[in-house]
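K.L.:
Before I ask anything, let me first share the structure, which is written out below as structure tokens.
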Amino acid sequence: MEQPTLPEGYTRRPLALADAERIADVMGAEELLATGEVGVEAADLVADWSEPSYDLATHSVGVLSPDGDLVGYAEAYGGDRADAAVHPDHHGLGIGTALARWVVARAGELGADRVGMPNPVGSPGDRLLEALSWEARWTSWVLELPEGRTVPERPLPEGHTIREATGADYEQAWDVVESAFLEWSERPRQQFDKWLHHVLGRPGFEPWNLRVATDPDGAIVGVVIILLYGVDDPDGAEGFIEKVAVRRDRRGLGLGQALLAESFACARAHGAVRSRLSTDSRTGALSLYERVGMQVIQEWVNRAAPTSPHLSPVE
């Protein structure tokens, strides 16, 4: 079978940090088509791409139109995670198929046995990967706390507090988050310095974005990371809970709900008119968020394929 190539006149090159805004535009255009809204900002890409161990020349590829405009991209991060997008104006030309092939080859070269990526259910990207025999691994959902609603507050257990994290808290916070997420996520433990870069190194980070729950002895037993999107949006900013984690031996005490209530209140205080988070079928947490009044507004599927380092690169 002849391997797919780029359409005539289209070329490729590795990405550079300066491409973040344009690639965010490409991703946003595809999200808008699939979900009716844009949920990505250039800051998300800068946080990933500026991480010291991330090499754009190795981990990324951009597709340029005959006019020289970036219209598609893919990245393989190492491990089994990848992402890709093609601007809707350039759909149907085989670019997505070529990028999927590049992802499979590059992930294999980087040592992964499988590689996967998320797409909104039924979107062009999802239909393409399904047609390429990428298998569904898990489902994820974006949930929203509608404007004007609040998460019911839960009193904290005696002696527990929630506060803004300080530098002395960072390593404990990392341990709580990584330990909680590795209970269901099959990946290597993220190193502390890399985790810290993605939290503090995201453009626009402010100290209130990282909050911790402490027990009577001052040990960190819960962590939440809050992002603020669309600060210049005339319709109002959006708070997004990137991570929420409670230490295993402190679950069932209401700390998770208390952290959610605190986070959404902080986001509102900084201009958010609504708040969101995402969860997936591996965590079993969907019903918990629905019980506190959050509503599913998007459904995504992560599809994966076995890698092959022997495929030739995209032509």
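Residues in the structure tokens are named by chain (A, B, ... in the order shown) and by number from 1 within that chain; ligands are numbered from 1 in the order shown.
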Could you name the residues that touch stretch 46-48 of chain A at 8 Å or less, counting only C-alpha atoms, but leaving out those on the same chain fewer than 6 positions away, as a PyMOL selection string?
P.N.:
chain A and resi 17+20+54+197-198+201-203
K.L.:
Would you mind listing, for every residue of stretch 35-95 of chain A within 12 Å of stretch 210-229 of chain A, the two atoms forming the shortest contact and the distance between them in Å to one decimal, using only C-alpha atoms, sorted by chain and ascending residue number, as JSON lines?
P.N.:
{"residue": "A:Val38", "atom": "CA", "partner": "A:Tyr229", "partner_atom": "CA", "distance": 10.3}
{"residue": "A:Gly39", "atom": "CA", "partner": "A:Tyr229", "partner_atom": "CA", "distance": 8.2}
{"residue": "A:Val40", "atom": "CA", "partner": "A:Tyr229", "partner_atom": "CA", "distance": 8.4}
{"residue": "A:Glu41", "atom": "CA", "partner": "A:Tyr229", "partner_atom": "CA", "distance": 7.7}
{"residue": "A:Ala42", "atom": "CA", "partner": "A:Tyr229", "partner_atom": "CA", "distance": 10.8}
{"residue": "A:Ala43", "atom": "CA", "partner": "A:Tyr229", "partner_atom": "CA", "distance": 9.7}
{"residue": "A:Asp44", "atom": "CA", "partner": "A:Leu227", "partner_atom": "CA", "distance": 10.2}
K.L.:
DSSP on the backbone, then: every residue of stretch 20-245 of chain A marked strand (DSSP E or B), written as a PyMOL selection string.
P.N.:
chain A and resi 60-64+70-76+81-86+114-120+135-145+161-164+210-214+220-229+237-245
K.L.:
Set the distance at 12 Å and use only C-alpha atoms: which residues neighbour stretch 180-187 of chain A once local chain neighbours fewer than 4 positions away are removed? I'd like the list as number ranges by chain.
P.N.:
A: 78-81, 112, 114-115, 137-138, 173-176, 191, 221-224, 243-251, 279-285
K.L.:
Name the closest residue to A:Ala18 among the candidates A:Thr139, A:Ser50, A:Gln172, A:Ser278; distances are taken between atoms, counting only C-alpha atoms.
P.N.:
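The shortest atom-to-atom distance to A:Ala18 comes from A:Ser50.
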K.L.:
Tell me which of A:Cys266, A:Leu6, A:Val292, A:Leu196 sits closest to A:Trp102, counting only C-alpha atoms.
P.N.:
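Nearest candidate to A:Trp102 out of A:Cys266, A:Leu6, A:Val292, A:Leu196: A:Leu6.
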K.L.:
Write down as a VMD selection string the residues of stretch 18-266 of chain A whose backbone DSSP state falls under alpha helix (DSSP H).
P.N.:
chain A and resid 20 to 35 42 to 49 56 to 59 95 to 109 124 to 131 170 to 181 192 to 200 255 to 266
K.L.:
Kindly give the distance, in Å, that separates atom CA of A:Tyr170 and atom CA of A:Ser263, rounded to a single decimal.
P.N.:
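Value for the atom CA of A:Tyr170-atom CA of A:Ser263 distance: 17.8 Å.
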K.L.:
Restricting the calculation to only C-alpha atoms, which member of A:Glu242, A:Tyr10, A:Arg101, A:Pro52 is positioned closest to A:Val199?
P.N.:
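Selected residue with least distance to A:Val199: A:Glu242.
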K.L.:
Restricting the calculation to only C-alpha atoms: of A:Lys194, A:His59, A:His91, A:Arg154, which residue gets closest to A:Ala258?
P.N.:
A:Arg154
K.L.:
Which of these residues is nearest to A:Ala267, using only C-alpha atoms: A:Leu32, A:Ala57, A:Ala237, A:Ile162?
P.N.:
A:Ala237
